[in-house]
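The next block is query_37.tsv, given as TSV, C-alpha atoms.
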chain	number	residue	atom	x	y	z
A	1	ASP	CA	0.00	0.00	0.00
A	2	GLY	CA	1.22	3.47	-0.85
A	3	GLY	CA	1.44	6.09	1.79
A	4	ILE	CA	3.48	8.34	4.00
A	5	THR	CA	5.24	7.15	7.09
A	6	GLN	CA	6.65	9.22	9.88
A	7	SER	CA	8.76	7.87	12.64
A	8	PRO	CA	8.85	7.72	15.50
A	9	LYS	CA	5.33	8.50	16.72
A	10	TYR	CA	6.66	9.95	19.96
A	11	LEU	CA	10.08	11.50	20.44
A	12	PHE	CA	11.68	12.92	23.55
A	13	ARG	CA	14.82	15.03	23.62
A	14	LYS	CA	16.77	17.17	26.03
A	15	GLU	CA	17.02	20.86	25.40
A	16	GLY	CA	20.08	21.79	23.38
A	17	GLN	CA	20.08	18.62	21.28
A	18	ASN	CA	19.31	18.48	17.61
A	19	VAL	CA	16.74	15.90	16.59
A	20	THR	CA	15.76	14.58	13.16
A	21	LEU	CA	12.23	13.53	12.27
A	22	SER	CA	11.78	11.04	9.48
A	23	CYS	CA	9.27	11.29	6.63
A	24	GLU	CA	9.11	8.72	3.85
A	25	GLN	CA	6.61	8.34	1.02
A	26	ASN	CA	6.20	5.67	-1.63
A	27	LEU	CA	3.59	7.55	-3.64
A	28	ASN	CA	6.12	8.78	-6.20
A	29	HIS	CA	5.19	12.34	-5.27
A	30	ASP	CA	7.48	15.18	-6.25
A	31	ALA	CA	6.44	17.65	-3.55
A	32	MET	CA	6.80	17.18	0.20
A	33	TYR	CA	5.99	19.42	3.13
A	34	TRP	CA	6.57	19.79	6.84
A	35	TYR	CA	4.01	21.40	9.11
A	36	ARG	CA	3.84	22.13	12.77
A	37	GLN	CA	0.59	21.84	14.72
A	38	ASP	CA	0.32	23.48	18.13
A	39	PRO	CA	-2.68	23.41	20.47
A	40	GLY	CA	-5.21	26.07	19.59
A	41	GLN	CA	-3.52	26.97	16.33
A	42	GLY	CA	-3.76	26.00	12.69
A	43	LEU	CA	-1.14	24.11	10.76
A	44	ARG	CA	1.94	26.18	10.02
A	45	LEU	CA	4.29	25.44	7.15
A	46	ILE	CA	7.94	24.93	8.10
A	47	TYR	CA	9.59	23.86	4.85
A	48	TYR	CA	8.52	22.43	1.54
A	49	SER	CA	10.24	20.79	-1.38
A	50	GLN	CA	8.87	20.72	-4.88
A	51	ILE	CA	11.53	18.44	-6.29
A	52	VAL	CA	14.59	16.47	-5.29
A	53	ASN	CA	17.58	18.56	-4.18
A	54	ASP	CA	15.45	21.66	-3.83
A	55	PHE	CA	13.52	23.08	-0.89
A	56	GLN	CA	12.12	26.40	0.30
A	57	LYS	CA	11.39	27.95	3.65
A	58	GLY	CA	7.82	28.13	4.82
A	59	ASP	CA	6.32	30.53	7.32
A	60	ILE	CA	8.25	29.35	10.38
A	61	ALA	CA	11.55	27.91	9.14
A	62	GLU	CA	13.79	29.43	11.81
A	63	GLY	CA	15.44	26.76	13.92
A	64	TYR	CA	14.70	23.99	11.42
A	65	SER	CA	16.60	22.44	8.55
A	66	VAL	CA	15.69	19.90	5.88
A	67	SER	CA	17.26	17.91	3.09
A	68	ARG	CA	15.80	16.29	-0.01
A	69	GLU	CA	18.45	13.96	-1.35
A	70	LYS	CA	15.93	11.34	-2.42
A	71	LYS	CA	12.45	11.73	-3.87
A	72	GLU	CA	10.87	9.56	-1.23
A	73	SER	CA	12.52	11.10	1.82
A	74	PHE	CA	12.27	14.54	3.42
A	75	PRO	CA	13.79	14.52	6.91
A	76	LEU	CA	13.32	17.49	9.21
A	77	THR	CA	15.96	18.46	11.77
A	78	VAL	CA	14.83	20.47	14.74
A	79	THR	CA	17.91	22.32	15.91
A	80	SER	CA	18.76	23.72	19.30
A	81	ALA	CA	18.08	27.17	17.83
A	82	GLN	CA	14.35	26.44	17.71
A	83	LYS	CA	12.95	28.23	20.74
A	84	ASN	CA	9.78	26.19	21.20
A	85	PRO	CA	10.41	22.80	19.63
A	86	THR	CA	7.79	20.85	21.57
A	87	ALA	CA	4.97	20.30	19.09
A	88	PHE	CA	3.22	17.86	16.81
A	89	TYR	CA	4.94	17.62	13.43
A	90	LEU	CA	3.09	16.58	10.32
A	91	CYS	CA	4.61	15.61	7.00
A	92	ALA	CA	2.71	15.66	3.71
A	93	SER	CA	3.33	14.99	0.05
A	94	SER	CA	1.62	15.80	-3.22
A	95	ILE	CA	2.07	14.87	-6.87
A	96	GLY	CA	3.01	18.43	-7.72
A	97	PRO	CA	3.17	21.77	-5.92
A	98	LEU	CA	-0.55	22.41	-6.37
A	99	GLY	CA	-1.77	18.88	-5.88
A	100	GLU	CA	-3.83	17.29	-3.16
A	101	GLN	CA	-1.69	16.73	-0.10
A	102	TYR	CA	-1.51	13.39	1.62
A	103	PHE	CA	-0.60	13.49	5.28
A	104	GLY	CA	1.48	11.18	7.42
A	105	PRO	CA	0.45	10.14	10.94
A	106	GLY	CA	2.64	12.76	12.59
A	107	THR	CA	5.38	12.79	15.20
A	108	ARG	CA	4.94	14.29	18.61
A	109	LEU	CA	8.18	15.84	19.81
A	110	THR	CA	8.69	16.74	23.44
A	111	VAL	CA	11.79	18.68	24.44
A	112	THR	CA	12.54	19.11	28.13
B	1	GLU	CA	-6.12	2.61	18.33
B	2	ASP	CA	-6.93	6.29	18.13
B	3	LYS	CA	-8.39	7.35	14.82
B	4	VAL	CA	-10.43	9.94	12.97
B	5	VAL	CA	-12.79	8.93	10.18
B	6	GLN	CA	-14.39	11.33	7.75
B	7	SER	CA	-17.34	10.72	5.48
B	8	PRO	CA	-18.14	10.82	2.71
B	9	LEU	CA	-14.75	10.48	1.05
B	10	SER	CA	-15.92	12.63	-1.83
B	11	LEU	CA	-18.96	14.62	-2.73
B	12	VAL	CA	-20.15	16.42	-5.86
B	13	VAL	CA	-22.92	18.99	-5.56
B	14	HIS	CA	-24.39	21.86	-7.55
B	15	GLU	CA	-23.96	25.49	-6.65
B	16	GLY	CA	-26.54	26.54	-4.11
B	17	ASP	CA	-26.83	23.14	-2.47
B	18	THR	CA	-26.25	22.62	1.23
B	19	VAL	CA	-23.73	19.99	2.26
B	20	THR	CA	-22.93	18.24	5.51
B	21	LEU	CA	-19.54	16.69	6.11
B	22	ASN	CA	-19.03	14.22	8.91
B	23	CYS	CA	-16.13	13.51	11.22
B	24	SER	CA	-16.17	10.76	13.82
B	25	TYR	CA	-13.38	9.98	16.20
B	26	GLU	CA	-12.05	7.51	18.68
B	27	VAL	CA	-9.39	9.38	20.54
B	28	THR	CA	-8.36	8.83	24.12
B	29	ASN	CA	-8.56	11.97	26.22
B	30	PHE	CA	-10.21	14.20	23.66
B	31	ARG	CA	-9.30	17.86	23.92
B	32	SER	CA	-10.48	19.60	20.76
B	33	LEU	CA	-11.58	19.01	17.19
B	34	LEU	CA	-10.36	21.11	14.29
B	35	TRP	CA	-11.65	21.61	10.75
B	36	TYR	CA	-9.44	22.70	7.85
B	37	LYS	CA	-10.08	23.60	4.24
B	38	GLN	CA	-7.37	22.40	1.88
B	39	GLU	CA	-7.28	23.89	-1.57
B	40	LYS	CA	-4.25	23.80	-3.85
B	41	LYS	CA	-2.03	25.07	-1.09
B	42	ALA	CA	-1.53	24.56	2.64
B	43	PRO	CA	-4.66	23.78	4.69
B	44	THR	CA	-6.57	26.78	6.02
B	45	PHE	CA	-7.86	26.64	9.57
B	46	LEU	CA	-11.66	26.91	9.84
B	47	PHE	CA	-12.88	26.00	13.31
B	48	MET	CA	-11.79	24.62	16.62
B	49	LEU	CA	-14.45	22.95	18.76
B	50	THR	CA	-14.07	21.98	22.35
B	51	SER	CA	-17.55	22.10	23.85
B	52	SER	CA	-20.36	19.85	22.87
B	53	GLY	CA	-23.49	21.37	21.37
B	54	ILE	CA	-22.10	24.83	20.70
B	55	GLU	CA	-22.22	25.77	17.05
B	56	LYS	CA	-19.44	27.81	15.53
B	57	LYS	CA	-20.25	29.86	12.46
B	58	SER	CA	-18.30	31.74	9.84
B	59	GLY	CA	-20.38	33.02	6.97
B	60	ARG	CA	-21.94	30.07	5.18
B	61	LEU	CA	-19.90	27.56	7.15
B	62	SER	CA	-20.86	26.19	10.52
B	63	SER	CA	-19.77	23.32	12.68
B	64	ILE	CA	-20.92	21.57	15.80
B	65	LEU	CA	-19.45	18.96	18.07
B	66	ASP	CA	-21.31	16.08	19.70
B	67	LYS	CA	-19.10	14.58	22.38
B	68	LYS	CA	-21.67	11.96	23.26
B	69	GLU	CA	-21.65	10.64	19.71
B	70	LEU	CA	-17.92	11.35	19.30
B	71	SER	CA	-18.53	13.24	16.12
B	72	SER	CA	-18.71	16.60	14.44
B	73	ILE	CA	-20.38	17.94	11.35
B	74	LEU	CA	-19.35	20.76	9.05
B	75	ASN	CA	-22.21	22.42	7.19
B	76	ILE	CA	-21.85	24.59	4.14
B	77	THR	CA	-24.97	26.36	2.92
B	78	ALA	CA	-25.53	27.91	-0.51
B	79	THR	CA	-22.37	26.30	-1.82
B	80	GLN	CA	-20.21	28.09	-4.37
B	81	THR	CA	-17.55	26.78	-6.75
B	82	GLY	CA	-14.97	28.37	-4.48
B	83	ASP	CA	-15.97	25.92	-1.76
B	84	SER	CA	-14.47	23.10	-3.83
B	85	ALA	CA	-11.67	21.71	-1.69
B	86	ILE	CA	-10.69	18.91	0.61
B	87	TYR	CA	-12.02	19.38	4.12
B	88	LEU	CA	-9.85	17.91	6.84
B	89	CYS	CA	-10.86	17.03	10.37
B	90	ALA	CA	-8.31	16.63	13.15
B	91	VAL	CA	-8.66	15.75	16.81
B	92	GLU	CA	-6.29	16.88	19.52
B	93	ALA	CA	-5.67	14.57	22.45
B	94	ASN	CA	-5.41	15.98	25.92
B	95	THR	CA	-1.67	15.54	25.95
B	96	GLY	CA	-1.52	18.80	24.04
B	97	ASN	CA	0.82	17.84	21.26
B	98	GLN	CA	-0.84	14.77	19.78
B	99	PHE	CA	-3.17	15.18	16.85
B	100	TYR	CA	-5.02	12.69	14.70
B	101	PHE	CA	-5.98	13.69	11.18
B	102	GLY	CA	-8.72	12.19	9.05
B	103	THR	CA	-8.12	11.53	5.37
B	104	GLY	CA	-10.46	14.32	4.33
B	105	THR	CA	-13.64	14.77	2.32
B	106	SER	CA	-13.19	16.01	-1.23
B	107	LEU	CA	-15.96	18.43	-2.11
B	108	THR	CA	-16.58	19.49	-5.70
B	109	VAL	CA	-19.15	22.20	-6.40
B	110	ILE	CA	-20.23	22.42	-10.01
B	111	PRO	CA	-21.90	25.49	-11.52
Show how you would write the structure in this file as structure tokens.
Amino acid sequence: DGGITQSPKYLFRKEGQNVTLSCEQNLNHDAMYWYRQDPGQGLRLIYYSQIVNDFQKGDIAEGYSVSREKKESFPLTVTSAQKNPTAFYLCASSIGPLGEQYFGPGTRLTVT
Amino acid sequence: EDKVVQSPLSLVVHEGDTVTLNCSYEVTNFRSLLWYKQEKKAPTFLFMLTSSGIEKKSGRLSSILDKKELSSILNITATQTGDSAIYLCAVEANTGNQFYFGTGTSLTVIP
């Protein structure tokens, strides 16, 4: 079955450590996205990639980094520079930049 | 296993029709339910519901939560072609940073 996987479901880190969240898709989609969901707020776009080896900052990219070395993978690194890293992180992909987005199950990151 | 199920998966209506989209959930320690509209860009936040029986309205859109039935509906009256989108439902668990997203209902409004 095609889909998007994110791992792990729950992640705990100490403050000051970088942490990388995994996002893999086998839908052969060109575009991939990372969002952050906080309580009481809408989804906010962190980074997106329209094609391999290319990515752009979203609305809240500070403190995050990404890479897109393979079509099926779009890992997100939450760096120690991110002031409020504790959140629910959602990955999505679409056939093209304007296509319907398919969402992964999400990763809940807790930084203490 | 916690989950959110939306129905129908897709819907085609004519302009002017009223539609009702459904979201049911099985989530431990429910905290809130959110509705989004996803067009050809990032999802747009519509409503957040926390209390049962209280309707939230924004123009032609309204939504209500039924905690007893573990469900919510999103109503759109006098639909327009601009309402064509995928409508996503998400439920927040009481842990504060855990959300469960449904797969969405694709609405197409034809002139």
Problem set entry | chain B contacts to chain A at 12 Å (all atoms listed in the file) as a ChimeraX atom specification | /B:2-4,31-50,85-106
Problem set entry | Shell of 8 Å around Phe74 of chain A, only C-alpha atoms, local chain residues under 6 positions omitted, as a ChimeraX atom specification | /A:22-24,32-33,66-68
Exercise. Which residues come within 10 Å of segment 66-81 of chain B, counting all atoms listed in the file, excluding same-chain residues fewer than 2 positions away, as a PyMOL selection string?
Worked result: chain B and resi 4-7+13-27+30+33-35+46-47+49-64+83-85+87+89+107-111
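Between atom CA of Leu9 of chain B and atom CA of Thr28 of chain B lies a distance of 24.0 Å.
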Seminar exercise, completed: The residue from A:Lys70, A:Cys91, A:Glu62, A:Ser80 with the smallest atom-to-atom distance to Gly16 of chain A, counting all atoms listed in the file, is A:Ser80
Exercise. List as number ranges by chain: which residues have an atom within 9 Å of (12.8, 15.1, -5.2), counting all atoms listed in the file?
Worked result: A: 29-32, 49-54, 68-74
Exercise. Just how far from atom CA of Thr77 of chain A is atom CA of Leu21 of chain A, in Å to one decimal?
Worked result: 6.2 Å
Shell around Asn18 of chain A at 12 Å using only C-alpha atoms, local window under 3 positions removed, as a compact mmCIF listing (two decimals) with C-alpha atoms, in the frame of the given file:
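And here is the file that came out, selection_32.txt:
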# COMPACT_ATOMS: atom_id res chain seq x y z
CA LEU A 11 10.08 11.50 20.44
CA PHE A 12 11.68 12.92 23.55
CA ARG A 13 14.82 15.03 23.62
CA LYS A 14 16.77 17.17 26.03
CA GLU A 15 17.02 20.86 25.40
CA LEU A 21 12.23 13.53 12.27
CA GLY A 63 15.44 26.76 13.92
CA TYR A 64 14.70 23.99 11.42
CA SER A 65 16.60 22.44 8.55
CA LEU A 76 13.32 17.49 9.21
CA THR A 77 15.96 18.46 11.77
CA VAL A 78 14.83 20.47 14.74
CA THR A 79 17.91 22.32 15.91
CA SER A 80 18.76 23.72 19.30
CA ALA A 81 18.08 27.17 17.83
CA GLN A 82 14.35 26.44 17.71
CA PRO A 85 10.41 22.80 19.63
CA LEU A 109 8.18 15.84 19.81
CA VAL A 111 11.79 18.68 24.44
Seminar exercise, completed: Correct to one decimal, the distance atom CA of Val19 of chain A-atom CA of Asp59 of chain A is 20.2 Å
Some atoms are absent from segment 40-51 of chain A, so rebuild N, CA, C and O atoms and return them as an mmCIF file, keeping the file's coordinate frame.
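What follows is the written file result_17.cif:
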data_model
loop_
_atom_site.group_PDB
_atom_site.id
_atom_site.type_symbol
_atom_site.label_atom_id
_atom_site.label_comp_id
_atom_site.auth_asym_id
_atom_site.auth_seq_id
_atom_site.Cartn_x
_atom_site.Cartn_y
_atom_site.Cartn_z
ATOM 1 N N GLY A 40 -4.509 24.819 19.778
ATOM 2 C CA GLY A 40 -5.210 26.070 19.590
ATOM 3 C C GLY A 40 -4.809 26.845 18.358
ATOM 4 O O GLY A 40 -5.280 27.961 18.147
ATOM 5 N N GLN A 41 -3.963 26.260 17.537
ATOM 6 C CA GLN A 41 -3.520 26.970 16.330
ATOM 7 C C GLN A 41 -3.730 26.109 15.099
ATOM 8 O O GLN A 41 -3.878 24.909 15.194
ATOM 9 N N GLY A 42 -3.700 26.735 13.938
ATOM 10 C CA GLY A 42 -3.760 26.000 12.690
ATOM 11 C C GLY A 42 -2.410 25.441 12.317
ATOM 12 O O GLY A 42 -1.399 25.718 12.964
ATOM 13 N N LEU A 43 -2.398 24.648 11.275
ATOM 14 C CA LEU A 43 -1.140 24.110 10.760
ATOM 15 C C LEU A 43 -0.272 25.257 10.237
ATOM 16 O O LEU A 43 -0.758 26.151 9.570
ATOM 17 N N ARG A 44 1.012 25.164 10.533
ATOM 18 C CA ARG A 44 1.940 26.180 10.020
ATOM 19 C C ARG A 44 3.034 25.485 9.229
ATOM 20 O O ARG A 44 3.615 24.495 9.681
ATOM 21 N N LEU A 45 3.338 26.052 8.075
ATOM 22 C CA LEU A 45 4.290 25.440 7.150
ATOM 23 C C LEU A 45 5.717 25.771 7.562
ATOM 24 O O LEU A 45 6.077 26.940 7.715
ATOM 25 N N ILE A 46 6.544 24.735 7.692
ATOM 26 C CA ILE A 46 7.940 24.930 8.100
ATOM 27 C C ILE A 46 8.836 24.995 6.867
ATOM 28 O O ILE A 46 9.558 25.966 6.651
ATOM 29 N N TYR A 47 8.818 23.953 6.085
ATOM 30 C CA TYR A 47 9.590 23.860 4.850
ATOM 31 C C TYR A 47 8.796 23.060 3.835
ATOM 32 O O TYR A 47 7.943 22.259 4.203
ATOM 33 N N TYR A 48 9.087 23.275 2.572
ATOM 34 C CA TYR A 48 8.520 22.430 1.540
ATOM 35 C C TYR A 48 9.533 22.222 0.429
ATOM 36 O O TYR A 48 10.466 23.010 0.257
ATOM 37 N N SER A 49 9.331 21.145 -0.294
ATOM 38 C CA SER A 49 10.240 20.790 -1.380
ATOM 39 C C SER A 49 9.393 20.396 -2.576
ATOM 40 O O SER A 49 8.534 19.527 -2.479
ATOM 41 N N GLN A 50 9.654 21.031 -3.689
ATOM 42 C CA GLN A 50 8.870 20.720 -4.880
ATOM 43 C C GLN A 50 9.520 19.635 -5.722
ATOM 44 O O GLN A 50 8.870 19.018 -6.567
ATOM 45 N N ILE A 51 10.815 19.420 -5.483
ATOM 46 C CA ILE A 51 11.530 18.440 -6.290
ATOM 47 C C ILE A 51 12.799 18.052 -5.557
ATOM 48 O O ILE A 51 13.256 18.790 -4.659
#
